[in-house]
Amino acid sequence: MPRPIQATIHTESLRHNLARMRRAAPDARAWGVVKANAYGHGIERAFEGLRGADGFALLDLQEAERVRALGWRGPILLLEGVFEPRDLELCSRLSLWHTVHCDEQIDMLAAHKTQLPHRVFLKMNSGMNRLGFAPHRYRAAWARLDALPQVDEITLMTHFSDADTARGIGHQARVFAETTRDLPGERTLGNSAAALRFGQEAAVRADWVRPGIAVYGSAPDFPEHDIAHWGLQPTMTLASRLIAVQQLRPGDTVGYGSSFTAEAPLRIGVVACGYADGYPRHGPTGTPVLVDGVRTRLVGRVSMDMVTVDLTPVPQAGFGSEATLWGRAANGAVLPIDEVARAAGTVGYELMCAVAPRVPFAVD
């Protein structure tokens with residue numbers, strides 16, 4: 001028998017979350033963002049749940065080829081654009097739309113030989129200070145692109161740095177609106193947090209919305225709001241089973257470094273899951289876990305292949321009992337990935353993307 005650990009992708013939850021994001025931005029078309037191998041879910045596994053999107057947005061050409069191989073004939077957007085001139089050949093062959101965020105990418109387009117002009121997304125650095133043209137240079141970049149025969153339609157684009165915080169989007173939305181006031185072309189602004197928190201505001205309304213993490217069942221502004229508040233469902237479950245039970249006496253310790261000491265008699269379960277499976281090594285004692293659908297806690301240090309859990313809330317549990325590290329238990333109880341991530345000092349994005357290759361996946 002294989003080790004009992006397994007990750008399960010919930011197709012209906014992907015559909016549900018995508019529909020929820022459409023309701024948040026009802027006048028916009030929605031990208032299915034599948035960068036980072038669909039946030040660790042696997043593009044091929046997530047595709048069925050996301051095929052109701054109006055297009056797929058991703059990072060690299062290999063991901064684009066995989067989406068086309070699944071039979072998708074609609075728009076595909078390269079969110080970071082091309083990295084070298086020969087990438088434009090594949091953009092032409094696969095009919096890819098691509099972001100332009102620097103002068104070097106415009107230079108590549110100007111030298112590119114193509115029979116069919118490209119659809120490009122001109123990115124403004126409205127305050128994130130990663131990619132994009134500064135506002136005072138944006139219109140000149142637009143004029144350069146507009147003059148190229150290699151370019152067809154230009155979509156105007158920016159990305160919000162603080163949509164999930166109290167600062168919000170107003171400072172960037174104003175810069176974008178003022179700079180692009182009379183420029184033609186469609187607009188794309190909102191990510192998950194912007195769509196959920198500000199989707200009804202005129203400043204963020206656009207032709208395309210780019211929901212990422214929310215589609216995968218994580219609240220973009222956790223802990224201020226959780227997935228239940230936003231009406232989202234977990235799309236990935238990481239589950240395993242108890243492979244041993246130990247009875248501790250007062251003063252007994254657990255695991256490497258003896259970081260946990262029992263203060264009273266304590267029954268603990270050993271779960272077949274560790275940091276080599278992608279579980280966060282820095283998850284401390286108290287990190288939530290479900291055993292047979294009942295909430296309990298980690299005790300002791302996470303090791304390579306095992307974690308240990310307190311069985312006090314679930315005295316009937318024993319060898320073979322289900323342990324849900326995040327996601328949905330067999331009895332329907334939900335442990336949001338955000339809660340596990342917060343306990344470990346990270347975010348749900350990282351946990352999704354970090355599930356190790358040795359963990360088998362299934363699609364529900």
# chains A, B, ... in the order shown; residues from 1 in each chain; ligands from 1
call {"tool": "select_by_dssp", "arguments": {"residues": "segment 31-249 of chain A", "states": "strand (DSSP E or B)", "output": "MDAnalysis selection string"}}
result
chainID A and resid 31:33 55:58 76:78 97:100 118:124 133 151:157 187:188 208:209 236:248
call {"tool": "closest_atom_pairs", "arguments": {"of": "segment 225-342 of chain A", "to": "segment 25-40 of chain A", "cutoff": "12 Å", "atoms": "only C-alpha atoms", "output": "tab-separated table"}}
result
residue	atom	partner	partner_atom	distance
A:Thr235	CA	A:Tyr39	CA	10.6
A:Met236	CA	A:Gly40	CA	9.2
A:Thr237	CA	A:Gly40	CA	11.8
A:Leu238	CA	A:Gly40	CA	12.0
A:Gly278	CA	A:Gly40	CA	10.9
call {"tool": "closest_residue", "arguments": {"among": "A:Val151, A:Ala362, A:Val347, A:Leu70", "to": "Gln115 of chain A", "atoms": "only C-alpha atoms"}}
result
A:Val151
call {"tool": "closest_residue", "arguments": {"among": "A:Ala69, A:Leu335, A:Ala329, A:Val215", "to": "Leu232 of chain A", "atoms": "only C-alpha atoms"}}
result
A:Val215
call {"tool": "select_by_dssp", "arguments": {"residues": "segment 130-284 of chain A", "states": "helix (DSSP H, G or I)", "output": "PyMOL selection string"}}
result
chain A and resi 135-146+170-179+192-198+202-204+213-216+227-230+256-258+275-277
call {"tool": "write_last_selection", "arguments": {"atoms": "C-alpha atoms", "output": "PDB file, in the first residue's frame"}}
result
ATOM      1  CA  PRO A 135       2.754  57.078 -15.340  1.00  0.00           C
ATOM      2  CA  HIS A 136       4.796  59.895 -16.907  1.00  0.00           C
ATOM      3  CA  ARG A 137       6.161  57.441 -19.516  1.00  0.00           C
ATOM      4  CA  TYR A 138       3.013  55.423 -20.097  1.00  0.00           C
ATOM      5  CA  ARG A 139       1.468  57.427 -22.911  1.00  0.00           C
ATOM      6  CA  ALA A 140       4.740  57.508 -24.845  1.00  0.00           C
ATOM      7  CA  ALA A 141       4.940  53.718 -24.568  1.00  0.00           C
ATOM      8  CA  TRP A 142       1.351  53.479 -25.804  1.00  0.00           C
ATOM      9  CA  ALA A 143       2.191  55.708 -28.786  1.00  0.00           C
ATOM     10  CA  ARG A 144       5.202  53.537 -29.689  1.00  0.00           C
ATOM     11  CA  LEU A 145       3.100  50.387 -29.600  1.00  0.00           C
ATOM     12  CA  ASP A 146       0.240  51.982 -31.507  1.00  0.00           C
ATOM     13  CA  GLY A 170      -7.717  54.635  -4.383  1.00  0.00           C
ATOM     14  CA  HIS A 171      -4.220  56.075  -4.747  1.00  0.00           C
ATOM     15  CA  GLN A 172      -3.372  53.752  -7.646  1.00  0.00           C
ATOM     16  CA  ALA A 173      -6.789  53.863  -9.281  1.00  0.00           C
ATOM     17  CA  ARG A 174      -6.605  57.666  -9.473  1.00  0.00           C
ATOM     18  CA  VAL A 175      -3.179  57.577 -11.130  1.00  0.00           C
ATOM     19  CA  PHE A 176      -4.358  54.995 -13.644  1.00  0.00           C
ATOM     20  CA  ALA A 177      -7.568  56.878 -14.455  1.00  0.00           C
ATOM     21  CA  GLU A 178      -5.828  60.217 -14.897  1.00  0.00           C
ATOM     22  CA  THR A 179      -3.067  58.806 -17.084  1.00  0.00           C
ATOM     23  CA  SER A 192      -9.101  38.930  -6.176  1.00  0.00           C
ATOM     24  CA  ALA A 193      -8.968  41.448  -3.326  1.00  0.00           C
ATOM     25  CA  ALA A 194      -9.859  44.405  -5.521  1.00  0.00           C
ATOM     26  CA  ALA A 195     -12.822  42.595  -7.044  1.00  0.00           C
ATOM     27  CA  LEU A 196     -14.226  41.385  -3.722  1.00  0.00           C
ATOM     28  CA  ARG A 197     -13.608  44.541  -1.702  1.00  0.00           C
ATOM     29  CA  PHE A 198     -14.050  47.273  -4.313  1.00  0.00           C
ATOM     30  CA  ALA A 202     -16.416  52.923 -10.493  1.00  0.00           C
ATOM     31  CA  ALA A 203     -12.645  53.297 -10.048  1.00  0.00           C
ATOM     32  CA  VAL A 204     -12.014  49.564 -10.392  1.00  0.00           C
ATOM     33  CA  ILE A 213      -6.158  33.258  -5.018  1.00  0.00           C
ATOM     34  CA  ALA A 214      -9.890  33.582  -4.318  1.00  0.00           C
ATOM     35  CA  VAL A 215     -10.720  31.144  -7.102  1.00  0.00           C
ATOM     36  CA  TYR A 216      -8.530  28.618  -5.282  1.00  0.00           C
ATOM     37  CA  ILE A 227     -13.565  32.320   2.970  1.00  0.00           C
ATOM     38  CA  ALA A 228     -16.972  31.906   4.615  1.00  0.00           C
ATOM     39  CA  HIS A 229     -17.382  35.702   4.644  1.00  0.00           C
ATOM     40  CA  TRP A 230     -16.700  35.877   0.906  1.00  0.00           C
ATOM     41  CA  TYR A 256      12.839  16.638  17.699  1.00  0.00           C
ATOM     42  CA  GLY A 257      14.131  19.189  20.161  1.00  0.00           C
ATOM     43  CA  SER A 258      11.501  18.192  22.736  1.00  0.00           C
ATOM     44  CA  TYR A 275       7.688  18.968   5.428  1.00  0.00           C
ATOM     45  CA  ALA A 276       8.874  16.654   2.637  1.00  0.00           C
ATOM     46  CA  ASP A 277       5.209  16.554   1.576  1.00  0.00           C
TER      47      ASP A 277
END
call {"tool": "atom_distance", "arguments": {"atom1": "atom CA of Ser321 of chain A", "atom2": "atom CA of Gly217 of chain A"}}
result
25.1 Å
call {"tool": "residues_around", "arguments": {"residues": "segment 298-308 of chain A", "least_positions_apart": "2", "cutoff": "7 Å", "atoms": "only C-alpha atoms", "output": "list in words"}}
result
Val254, Gly255, Tyr256, Ser259, Phe260, Ile268, Gly269, Val270, Val271, Ala272, Cys273, Gly274, Tyr275, Ala276, Arg281, Gly283, Pro284, Thr285, Gly286, Thr287, Pro288, Val289 and Asp310 of chain A
call {"tool": "residues_around", "arguments": {"residues": "Asp221 of chain A", "least_positions_apart": "2", "cutoff": "9 Å", "atoms": "only C-alpha atoms", "output": "JSON, numbers by chain"}}
result
{"A": [163, 164, 165, 193, 197, 218, 219, 223, 224, 225, 226]}
call {"tool": "write_last_selection", "arguments": {"atoms": "all heavy atoms", "output": "compact mmCIF listing (two decimals), in the first residue's frame"}}
result
# COMPACT_ATOMS: atom_id res chain seq x y z
N ALA A 163 -4.76 46.16 -2.30
CA ALA A 163 -6.20 45.91 -2.36
C ALA A 163 -6.69 45.09 -1.17
O ALA A 163 -7.87 45.11 -0.84
CB ALA A 163 -6.56 45.19 -3.66
N ASP A 164 -5.76 44.37 -0.52
CA ASP A 164 -6.14 43.53 0.61
C ASP A 164 -5.88 44.20 1.96
O ASP A 164 -6.00 43.55 3.00
CB ASP A 164 -5.39 42.20 0.55
CG ASP A 164 -3.88 42.39 0.53
OD1 ASP A 164 -3.41 43.51 0.25
OD2 ASP A 164 -3.16 41.40 0.80
N THR A 165 -5.55 45.48 1.97
CA THR A 165 -5.23 46.17 3.22
C THR A 165 -6.09 47.42 3.36
O THR A 165 -6.83 47.81 2.46
CB THR A 165 -3.74 46.59 3.26
OG1 THR A 165 -3.54 47.69 2.36
CG2 THR A 165 -2.82 45.43 2.89
N ALA A 193 -8.60 40.53 -4.41
CA ALA A 193 -8.97 41.45 -3.33
C ALA A 193 -9.69 42.68 -3.85
O ALA A 193 -10.68 43.14 -3.26
CB ALA A 193 -7.72 41.85 -2.54
N ARG A 197 -13.48 43.41 -2.63
CA ARG A 197 -13.61 44.54 -1.70
C ARG A 197 -14.09 45.82 -2.37
O ARG A 197 -14.75 46.64 -1.73
CB ARG A 197 -12.27 44.80 -1.01
CG ARG A 197 -11.84 43.70 -0.07
CD ARG A 197 -10.37 43.82 0.31
NE ARG A 197 -10.09 45.06 1.05
CZ ARG A 197 -9.96 45.14 2.37
NH1 ARG A 197 -10.13 44.05 3.10
NH2 ARG A 197 -9.69 46.28 2.95
N SER A 218 -8.99 30.67 -1.10
CA SER A 218 -8.28 31.38 -0.04
C SER A 218 -8.78 32.82 -0.02
O SER A 218 -8.97 33.42 -1.07
CB SER A 218 -6.77 31.35 -0.30
OG SER A 218 -6.05 32.12 0.64
N ALA A 219 -9.00 33.35 1.18
CA ALA A 219 -9.48 34.73 1.30
C ALA A 219 -8.32 35.70 1.09
O ALA A 219 -7.33 35.63 1.81
CB ALA A 219 -10.10 34.95 2.67
N PRO A 223 -6.46 37.85 7.77
CA PRO A 223 -7.54 37.38 8.62
C PRO A 223 -8.71 38.35 8.80
O PRO A 223 -9.60 38.07 9.58
CB PRO A 223 -6.83 37.15 9.95
CG PRO A 223 -5.78 38.21 9.98
CD PRO A 223 -5.32 38.36 8.56
N GLU A 224 -8.68 39.50 8.12
CA GLU A 224 -9.82 40.41 8.26
C GLU A 224 -11.11 39.72 7.86
O GLU A 224 -12.14 39.87 8.53
CB GLU A 224 -9.61 41.67 7.40
CG GLU A 224 -10.75 42.66 7.52
CD GLU A 224 -10.55 43.90 6.67
OE1 GLU A 224 -9.44 44.08 6.11
OE2 GLU A 224 -11.50 44.70 6.56
N HIS A 225 -11.06 38.97 6.78
CA HIS A 225 -12.22 38.18 6.34
C HIS A 225 -11.75 36.78 5.98
O HIS A 225 -10.62 36.59 5.51
CB HIS A 225 -12.89 38.82 5.12
CG HIS A 225 -13.43 40.19 5.37
ND1 HIS A 225 -12.89 41.33 4.80
CD2 HIS A 225 -14.45 40.60 6.15
CE1 HIS A 225 -13.56 42.38 5.20
NE2 HIS A 225 -14.51 41.98 6.03
N ASP A 226 -12.61 35.80 6.20
CA ASP A 226 -12.27 34.42 5.85
C ASP A 226 -13.08 34.00 4.63
O ASP A 226 -13.88 34.77 4.08
CB ASP A 226 -12.48 33.47 7.02
CG ASP A 226 -13.94 33.45 7.53
OD1 ASP A 226 -14.84 33.96 6.81
OD2 ASP A 226 -14.17 32.92 8.62
call {"tool": "atom_distance", "arguments": {"atom1": "atom CA of Arg205 of chain A", "atom2": "atom CA of His159 of chain A"}}
result
13.2 Å
